[in-house]
file work.cif (mmCIF, C-alpha atoms)
data_entry
loop_
_atom_site.label_atom_id
_atom_site.label_comp_id
_atom_site.auth_asym_id
_atom_site.auth_seq_id
_atom_site.Cartn_x
_atom_site.Cartn_y
_atom_site.Cartn_z
CA MET A 20 29.92 -56.00 -6.57
CA SER A 21 28.24 -53.69 -4.14
CA ARG A 22 28.13 -49.97 -3.73
CA PRO A 23 26.28 -47.77 -1.29
CA ARG A 24 22.78 -46.93 -2.46
CA PRO A 25 22.87 -43.54 -4.27
CA GLU A 26 21.29 -40.64 -2.39
CA PRO A 27 17.82 -39.51 -3.55
CA ILE A 28 17.97 -36.73 -6.16
CA GLN A 29 16.31 -34.12 -3.95
CA VAL A 30 18.87 -34.67 -1.18
CA VAL A 31 21.74 -34.15 -3.62
CA LYS A 32 20.17 -31.07 -5.25
CA GLN A 33 19.13 -29.52 -1.97
CA ARG A 34 22.62 -29.87 -0.49
CA ARG A 35 24.41 -28.43 -3.53
CA ASP A 36 21.97 -25.57 -4.09
CA ALA A 37 21.93 -24.65 -0.41
CA ALA A 38 25.74 -24.57 -0.29
CA LEU A 39 25.99 -22.48 -3.46
CA ASN A 40 23.30 -20.06 -2.30
CA ALA A 41 25.05 -19.66 1.04
CA LEU A 42 28.28 -18.70 -0.76
CA LEU A 43 26.48 -16.19 -3.00
CA ASP A 44 24.17 -14.66 -0.39
CA SER A 45 27.08 -13.96 1.92
CA VAL A 46 28.67 -11.45 -0.49
CA PRO A 47 26.88 -8.07 -0.58
CA TYR A 48 28.72 -6.99 -3.76
CA ILE A 49 27.32 -9.99 -5.70
CA GLN A 50 23.81 -8.86 -4.70
CA PHE A 51 24.69 -5.25 -5.56
CA LEU A 52 25.68 -6.18 -9.14
CA ASN A 53 22.81 -8.74 -9.34
CA VAL A 54 24.96 -11.64 -10.50
CA THR A 55 23.27 -15.06 -10.30
CA PHE A 56 24.58 -18.56 -11.03
CA ASP A 57 23.18 -21.57 -12.88
CA ARG A 58 24.46 -24.93 -11.71
CA ARG A 59 24.66 -28.18 -13.68
CA GLY A 60 26.32 -30.72 -11.41
CA ASP A 61 29.48 -28.92 -10.39
CA GLU A 62 29.56 -26.67 -13.49
CA LEU A 63 28.64 -23.04 -12.95
CA THR A 64 27.50 -20.36 -15.39
CA ALA A 65 27.29 -16.81 -14.06
CA GLN A 66 24.67 -14.35 -15.27
CA LEU A 67 24.93 -10.58 -15.02
CA ASN A 68 21.29 -9.48 -14.89
CA PHE A 69 21.19 -6.22 -16.80
CA SER A 70 20.26 -3.00 -15.06
CA GLU A 71 20.47 0.63 -16.20
CA LYS A 72 22.82 1.08 -13.23
CA HIS A 73 25.44 -0.99 -15.10
CA ILE A 74 25.77 1.58 -17.88
CA GLY A 75 29.17 3.23 -18.30
CA ASN A 76 28.62 5.18 -21.50
CA PRO A 77 25.04 6.50 -21.68
CA PHE A 78 25.49 7.70 -25.29
CA LEU A 79 26.07 4.23 -26.85
CA PRO A 80 24.80 2.85 -24.39
CA ALA A 81 27.31 0.27 -23.16
CA ILE A 82 27.99 -1.64 -19.95
CA HIS A 83 30.67 0.00 -17.77
CA GLY A 84 34.10 -1.63 -18.20
CA GLY A 85 34.34 -1.83 -14.44
CA VAL A 86 31.09 -3.79 -14.25
CA THR A 87 32.44 -6.23 -16.84
CA ALA A 88 35.70 -6.58 -14.89
CA ALA A 89 33.82 -7.12 -11.63
CA PHE A 90 31.48 -9.66 -13.26
CA LEU A 91 34.44 -11.68 -14.57
CA GLU A 92 36.21 -11.50 -11.23
CA ILE A 93 33.11 -12.64 -9.32
CA THR A 94 32.74 -15.55 -11.76
CA ALA A 95 36.39 -16.52 -11.31
CA MET A 96 36.29 -16.20 -7.52
CA ILE A 97 33.01 -18.09 -6.99
CA SER A 98 33.93 -20.85 -9.48
CA LEU A 99 37.31 -21.32 -7.83
CA ASN A 100 35.88 -21.32 -4.30
CA TRP A 101 33.08 -23.68 -5.38
CA SER A 102 35.50 -26.20 -6.87
CA HIS A 103 37.78 -25.85 -3.83
CA LEU A 104 34.89 -26.58 -1.42
CA TRP A 105 33.09 -29.19 -3.55
CA GLU A 106 34.62 -32.27 -1.92
CA ARG A 107 33.83 -31.00 1.56
CA ILE A 108 30.25 -30.10 0.60
CA GLU A 109 29.71 -33.56 -0.92
CA SER A 110 31.28 -35.41 2.01
CA GLY A 111 29.20 -33.49 4.54
CA ALA A 112 32.28 -31.93 6.16
CA LEU A 113 30.70 -28.56 5.35
CA ASP A 114 27.11 -28.15 6.47
CA PRO A 115 25.04 -25.94 4.11
CA GLU A 116 22.91 -24.84 7.09
CA ASP A 117 25.98 -23.57 8.92
CA MET A 118 27.14 -21.92 5.70
CA ALA A 119 23.78 -20.13 5.40
CA LYS A 120 24.29 -18.80 8.95
CA GLY A 121 27.54 -17.24 7.81
CA ILE A 122 29.91 -19.93 9.08
CA LEU A 123 31.96 -20.02 5.89
CA PRO A 124 35.49 -21.13 5.06
CA ARG A 125 37.79 -18.27 4.08
CA GLN A 126 37.66 -17.19 0.42
CA PRO A 127 40.61 -17.23 -1.97
CA LYS A 128 42.22 -13.77 -2.33
CA THR A 129 42.72 -12.12 -5.70
CA ILE A 130 46.40 -11.48 -6.43
CA ASP A 131 45.92 -9.98 -9.88
CA PHE A 132 43.25 -9.86 -12.56
CA THR A 133 43.50 -8.87 -16.23
CA VAL A 134 40.54 -8.15 -18.47
CA ASP A 135 40.50 -8.05 -22.28
CA TYR A 136 37.61 -6.03 -23.65
CA LEU A 137 36.77 -7.60 -27.01
CA ARG A 138 33.52 -5.79 -27.89
CA SER A 139 31.38 -3.26 -26.13
CA GLY A 140 28.96 -4.73 -23.61
CA LEU A 141 25.41 -4.35 -24.92
CA PRO A 142 22.58 -3.24 -22.62
CA ARG A 143 21.31 -6.77 -21.92
CA ASP A 144 22.20 -9.83 -19.79
CA ALA A 145 25.70 -11.31 -20.00
CA TYR A 146 26.98 -14.78 -19.16
CA ALA A 147 30.36 -16.09 -18.06
CA ARG A 148 32.11 -19.33 -17.31
CA ALA A 149 35.45 -19.88 -15.61
CA THR A 150 38.08 -22.53 -16.26
CA ILE A 151 40.51 -23.31 -13.49
CA SER A 152 43.80 -23.66 -15.35
CA ARG A 153 45.67 -24.69 -12.25
CA ALA A 154 44.52 -25.22 -8.67
CA GLY A 155 47.62 -25.46 -6.53
CA ARG A 156 47.81 -25.67 -2.76
CA ARG A 157 48.87 -22.04 -2.47
CA TYR A 158 48.12 -20.45 -5.85
CA ALA A 159 45.42 -20.89 -8.47
CA SER A 160 45.19 -19.61 -12.02
CA VAL A 161 41.73 -18.99 -13.47
CA HIS A 162 40.53 -17.98 -16.95
CA VAL A 163 37.04 -16.55 -17.58
CA GLU A 164 35.08 -16.00 -20.79
CA ALA A 165 31.98 -13.83 -21.09
CA TRP A 166 29.42 -13.53 -23.86
CA GLN A 167 26.00 -12.06 -24.53
CA ASP A 168 24.19 -13.25 -27.68
CA HIS A 169 26.59 -15.84 -29.06
CA LYS A 170 28.73 -18.06 -26.89
CA ASP A 171 31.48 -18.07 -29.57
CA LYS A 172 31.54 -14.26 -29.82
CA LEU A 173 33.03 -13.26 -26.49
CA PHE A 174 32.63 -9.65 -25.40
CA ALA A 175 35.28 -9.99 -22.70
CA GLN A 176 37.73 -12.48 -21.28
CA GLY A 177 39.83 -12.34 -18.18
CA SER A 178 42.44 -14.22 -16.27
CA GLY A 179 43.76 -13.93 -12.80
CA HIS A 180 45.75 -15.46 -10.00
CA PHE A 181 44.42 -16.22 -6.55
CA LEU A 182 45.97 -17.02 -3.19
CA MET A 183 44.23 -20.03 -1.64
CA PRO A 184 43.17 -19.91 2.04
CA GLN A 185 45.60 -21.79 4.29
CA ASP A 186 43.45 -22.17 7.39
CA ASP A 187 41.46 -25.13 6.07
CA ASP A 188 40.97 -27.79 8.67
CA LYS A 189 42.12 -30.57 6.36
CA SER A 190 44.19 -32.86 8.53
CA MET B 15 41.91 22.98 -22.65
CA ALA B 16 39.72 24.03 -19.73
CA ASP B 17 36.73 23.06 -21.88
CA LYS B 18 38.08 19.55 -22.32
CA THR B 19 38.49 19.17 -18.58
CA LYS B 20 34.97 20.48 -18.05
CA LEU B 21 33.60 18.06 -20.68
CA ALA B 22 35.48 15.13 -19.13
CA ARG B 23 34.18 16.10 -15.69
CA GLN B 24 30.60 16.25 -16.97
CA PHE B 25 30.99 12.90 -18.73
CA ILE B 26 32.36 11.14 -15.64
CA GLN B 27 29.67 12.60 -13.44
CA ALA B 28 26.95 11.41 -15.88
CA ILE B 29 28.02 7.73 -15.77
CA PRO B 30 25.16 5.79 -14.17
CA HIS B 31 27.44 3.14 -12.68
CA ALA B 32 29.81 5.74 -11.22
CA GLN B 33 26.85 7.28 -9.39
CA GLU B 34 25.76 3.84 -8.23
CA LEU B 35 29.21 3.24 -6.70
CA GLY B 36 29.11 6.66 -5.04
CA LEU B 37 32.28 7.81 -6.83
CA VAL B 38 33.54 11.31 -6.13
CA LEU B 39 35.63 13.11 -8.74
CA ASP B 40 38.26 14.92 -6.69
CA GLU B 41 40.54 16.29 -9.38
CA ILE B 42 40.79 16.13 -13.17
CA GLY B 43 43.00 17.76 -15.79
CA ASP B 44 46.12 17.31 -17.97
CA GLY B 45 45.85 13.55 -18.18
CA VAL B 46 45.61 13.02 -14.43
CA ALA B 47 42.44 12.09 -12.53
CA ARG B 48 41.71 11.47 -8.87
CA ILE B 49 38.52 9.67 -7.92
CA SER B 50 37.50 8.34 -4.53
CA MET B 51 34.98 5.75 -3.39
CA PRO B 52 33.63 6.14 0.16
CA TYR B 53 33.22 2.91 2.14
CA ASP B 54 29.80 1.35 1.63
CA LYS B 55 28.55 -1.97 3.06
CA LYS B 56 26.86 -2.89 -0.22
CA LEU B 57 30.31 -3.08 -1.88
CA VAL B 58 31.71 -5.63 0.58
CA GLY B 59 33.26 -8.75 -0.96
CA ASP B 60 34.30 -10.62 2.18
CA PRO B 61 31.48 -10.62 4.75
CA GLN B 62 33.69 -11.89 7.59
CA SER B 63 36.20 -9.04 7.38
CA GLY B 64 34.03 -6.32 5.77
CA VAL B 65 36.67 -5.75 3.08
CA ILE B 66 35.48 -4.10 -0.18
CA ALA B 67 35.16 -6.48 -3.17
CA GLY B 68 38.01 -6.59 -5.68
CA GLY B 69 35.44 -5.98 -8.41
CA ALA B 70 34.40 -2.66 -6.88
CA VAL B 71 38.05 -1.58 -6.79
CA SER B 72 38.32 -2.65 -10.46
CA ALA B 73 35.32 -0.52 -11.39
CA LEU B 74 36.80 2.46 -9.53
CA MET B 75 40.18 1.98 -11.24
CA ASP B 76 38.58 1.61 -14.68
CA THR B 77 36.56 4.81 -14.25
CA CYS B 78 39.57 6.75 -13.00
CA CYS B 79 41.78 5.51 -15.88
CA GLY B 80 39.10 6.48 -18.43
CA ALA B 81 38.84 9.94 -16.85
CA ALA B 82 42.62 10.39 -17.10
CA VAL B 83 42.48 9.57 -20.83
CA MET B 84 39.59 11.95 -21.53
CA CYS B 85 41.26 14.90 -19.84
CA HIS B 86 44.60 14.40 -21.63
CA PRO B 87 45.42 17.49 -23.78
CA ASP B 88 45.82 15.27 -26.90
CA ALA B 89 42.60 13.26 -26.43
CA PRO B 90 39.91 14.31 -28.92
CA GLY B 91 36.92 12.78 -27.10
CA GLY B 92 35.79 9.69 -25.27
CA THR B 93 37.49 6.37 -24.63
CA ALA B 94 36.85 2.67 -24.02
CA THR B 95 38.98 0.13 -22.18
CA ILE B 96 41.01 -2.26 -24.36
CA ASP B 97 42.76 -4.02 -21.51
CA LEU B 98 43.18 -3.45 -17.80
CA ARG B 99 45.34 -5.33 -15.32
CA ILE B 100 44.94 -4.87 -11.59
CA ASP B 101 47.33 -6.04 -8.89
CA TYR B 102 45.79 -6.35 -5.45
CA MET B 103 48.54 -5.67 -2.94
CA ARG B 104 46.50 -5.77 0.24
CA ALA B 105 42.94 -5.61 1.52
CA ALA B 106 41.61 -2.06 1.90
CA THR B 107 40.91 -1.29 5.55
CA PRO B 108 37.14 -1.61 6.22
CA GLY B 109 35.46 1.73 6.86
CA GLN B 110 38.00 3.80 4.92
CA THR B 111 37.53 5.63 1.61
CA ILE B 112 39.54 4.23 -1.32
CA SER B 113 41.16 6.95 -3.44
CA THR B 114 42.70 6.40 -6.85
CA LYS B 115 45.04 8.49 -8.94
CA ALA B 116 45.32 7.63 -12.64
CA THR B 117 47.86 9.05 -15.06
CA CYS B 118 47.60 8.86 -18.83
CA HIS B 119 51.36 8.76 -19.45
CA HIS B 120 51.32 8.26 -23.22
CA ILE B 121 48.79 8.79 -25.96
CA THR B 122 48.86 8.14 -29.73
CA ARG B 123 46.16 8.73 -32.34
CA ASN B 124 44.60 5.37 -31.47
CA VAL B 125 45.76 4.21 -28.07
CA ALA B 126 46.18 5.74 -24.62
CA PHE B 127 48.36 4.12 -21.93
CA VAL B 128 47.40 4.57 -18.31
CA ARG B 129 48.74 3.70 -14.86
CA ALA B 130 46.81 4.01 -11.62
CA VAL B 131 47.26 3.46 -7.92
CA ALA B 132 44.62 3.02 -5.19
CA MET B 133 45.11 3.94 -1.52
CA ASP B 134 43.14 4.06 1.68
CA ASP B 135 44.07 6.25 4.70
CA ASP B 136 47.52 4.65 4.87
CA THR B 137 49.01 6.30 1.80
CA ASP B 138 52.43 4.64 2.25
CA ARG B 139 51.07 1.23 1.32
CA PRO B 140 49.00 1.10 -1.89
CA VAL B 141 45.90 -1.12 -1.88
CA ALA B 142 46.13 -1.85 -5.61
CA THR B 143 47.81 -0.72 -8.80
CA ALA B 144 46.51 -0.89 -12.36
CA SER B 145 47.85 -0.51 -15.85
CA GLY B 146 45.85 -0.49 -19.02
CA ALA B 147 45.40 0.46 -22.64
CA PHE B 148 42.42 2.51 -23.79
CA THR B 149 40.96 3.48 -27.17
CA VAL B 150 41.12 7.08 -28.38
CA GLU B 151 37.72 8.11 -29.80
CA ASN B 152 36.88 11.22 -31.73
CA GLY B 153 33.46 11.72 -30.20
CA PHE B 154 31.80 10.65 -26.97
#
call {"tool": "encode", "arguments": {"input": "work.cif", "output": "structure tokens"}}
result
Amino acid sequence: MSRPRPEPIQVVKQRRDAALNALLDSVPYIQFLNVTFDRRGDELTAQLNFSEKHIGNPFLPAIHGGVTAAFLEITAMISLNWSHLWERIESGALDPEDMAKGILPRQPKTIDFTVDYLRSGLPRDAYARATISRAGRRYASVHVEAWQDHKDKLFAQGSGHFLMPQDDDKS
Amino acid sequence: MADKTKLARQFIQAIPHAQELGLVLDEIGDGVARISMPYDKKLVGDPQSGVIAGGAVSALMDTCCGAAVMCHPDAPGGTATIDLRIDYMRAATPGQTISTKATCHHITRNVAFVRAVAMDDDTDRPVATASGAFTVENGF
């Protein structure tokens, strides 16, 4: 019974965080909406950091439906891309330093996205997690749930289909 | 009737997020709205190609659909999105303004049904289409 000695914790964390940050920092729109991600192993939770600029109805006030839709789509897209790239990040085939310089694999493309608005978005932070229902070679199907105060009281959910990049150098 | 259009116009122009996206209300009235979003680097979703993020197109579509509901002759006031589906047909050409036209094609006491299409300079090939259901509110 022998196995390679596990990598030190800081090496593992540094690699994963650097790769995730490179993916996020490369997208101006994610910065524009101020969406950040928490990582636990490979699991991601997205956070929409509230700003007055997210308001759609100033009388209520409530978060703009378009902001909610965009937040869900970003969560779906990043979660899908992250799971798609995970093996290559872990194996070292993708170098986080190169990724930070903008040398990134192509993203999946959104084919369609549907959002259900379950309650109005309150003027505070929101959270979302995506489940990849199917990750095929060409197509992927992703479901996203978003909440604010209570995880079991969703304020929106969404689902969409994505076209996976075909130019991966997987021999 | 003209008052409703004026009210809807004022409402759309007062939306903080619409201002943040740089949305321009081109036309509104009788259940039809046209809103455009000039190209802006901060809205880019794919850094390698410079293509606008799908989410920004969603926000534009959602705003335009809501505007179409509010300016419908039978709409008593404001609206909120119940459900919105967007189909992304192709990437919008970087550097070009994205223009949307939304039509509220049916409205009941409680629900408004809307369709929308988004184009860039090449108006023969839509960038995206949307269809959704919206609430019908008495006030704003």
call {"tool": "atom_distance", "arguments": {"input": "work.cif", "atom1": "atom CA of B:Asp101", "atom2": "atom CA of A:Phe56"}}
result
26.1 Å
call {"tool": "resolve_selection", "arguments": {"input": "work.cif", "expression": "the PyMOL selection byres ((chain A) within 7 of (chain B))", "output": "count of residues only"}}
result
26
call {"tool": "residues_around", "arguments": {"input": "work.cif", "residues": "B:Val46", "least_positions_apart": "5", "cutoff": "6 Å", "atoms": "all atoms listed in the file", "output": "list of chain:residue names"}}
result
B:Ala82, B:Ala116, B:Thr117
call {"tool": "closest_residue", "arguments": {"input": "work.cif", "among": "B:Val128, B:Arg48, B:His86, B:Asp135", "to": "B:Thr114", "atoms": "only C-alpha atoms"}}
result
B:Arg48
call {"tool": "atom_distance", "arguments": {"input": "work.cif", "atom1": "atom CA of A:Phe69", "atom2": "atom CA of A:Gly179"}}
result
24.2 Å
call {"tool": "residues_around", "arguments": {"input": "work.cif", "residues": "B:Val38", "least_positions_apart": "2", "cutoff": "7 Å", "atoms": "all atoms listed in the file", "output": "PyMOL selection string"}}
result
chain B and resi 36+40+49-51
call {"tool": "residues_around", "arguments": {"input": "work.cif", "residues": "A:Ser102", "least_positions_apart": "6", "cutoff": "12 Å", "atoms": "only C-alpha atoms", "output": "ChimeraX atom specification"}}
result
/A:35,38-39,60-63,95-96,108-109,126-127,149-151,153-154,159,161,183
call {"tool": "closest_residue", "arguments": {"input": "work.cif", "among": "B:Leu39, B:Ala47, B:Glu151, B:Gln27", "to": "B:Val131", "atoms": "all atoms listed in the file"}}
result
B:Ala47
call {"tool": "residues_around", "arguments": {"input": "work.cif", "residues": "A:Leu113", "least_positions_apart": "6", "cutoff": "10 Å", "atoms": "all atoms listed in the file", "output": "mmCIF file with C-alpha atoms, in the coordinates of the input"}}
result
data_model
loop_
_atom_site.group_PDB
_atom_site.id
_atom_site.type_symbol
_atom_site.label_atom_id
_atom_site.label_comp_id
_atom_site.auth_asym_id
_atom_site.auth_seq_id
_atom_site.Cartn_x
_atom_site.Cartn_y
_atom_site.Cartn_z
ATOM 1 C CA ALA A 38 25.740 -24.570 -0.290
ATOM 2 C CA LEU A 104 34.890 -26.580 -1.420
ATOM 3 C CA TRP A 105 33.090 -29.190 -3.550
ATOM 4 C CA GLU A 106 34.620 -32.270 -1.920
ATOM 5 C CA ARG A 107 33.830 -31.000 1.560
ATOM 6 C CA ILE A 122 29.910 -19.930 9.080
ATOM 7 C CA LEU A 123 31.960 -20.020 5.890
ATOM 8 C CA PRO A 124 35.490 -21.130 5.060
#
call {"tool": "resolve_selection", "arguments": {"input": "work.cif", "expression": "the PyMOL selection byres ((chain B and resi 125) around 9)", "output": "number ranges by chain"}}
result
B: 96, 120-124, 126-127, 147-150
call {"tool": "resolve_selection", "arguments": {"input": "work.cif", "expression": "the PyMOL selection byres ((chain A and resi 57) around 12)", "output": "list in words"}}
result
Arg35, Asp36, Leu39, Asn40, Leu43, Val54, Thr55, Phe56, Arg58, Arg59, Gly60, Asp61, Glu62, Leu63, Thr64, Ala65, Gln66, Leu67, Thr94, Ile97, Ser98, Tyr146, Ala147 and Arg148 of chain A
call {"tool": "closest_residue", "arguments": {"input": "work.cif", "among": "A:Ile82, A:Pro23, A:Ala145, A:Lys128", "to": "A:Leu182", "atoms": "all atoms listed in the file"}}
result
A:Lys128
call {"tool": "atom_distance", "arguments": {"input": "work.cif", "atom1": "atom CA of B:Gly91", "atom2": "atom CA of A:Glu71"}}
result
23.2 Å
call {"tool": "closest_residue", "arguments": {"input": "work.cif", "among": "A:Gly121, A:Gly155, A:Pro80, A:Pro25", "to": "A:Gln185", "atoms": "only C-alpha atoms"}}
result
A:Gly155
call {"tool": "closest_residue", "arguments": {"input": "work.cif", "among": "B:Ala81, B:Ile112, B:Leu37, B:Lys18", "to": "B:Asp136", "atoms": "all atoms listed in the file"}}
result
B:Ile112
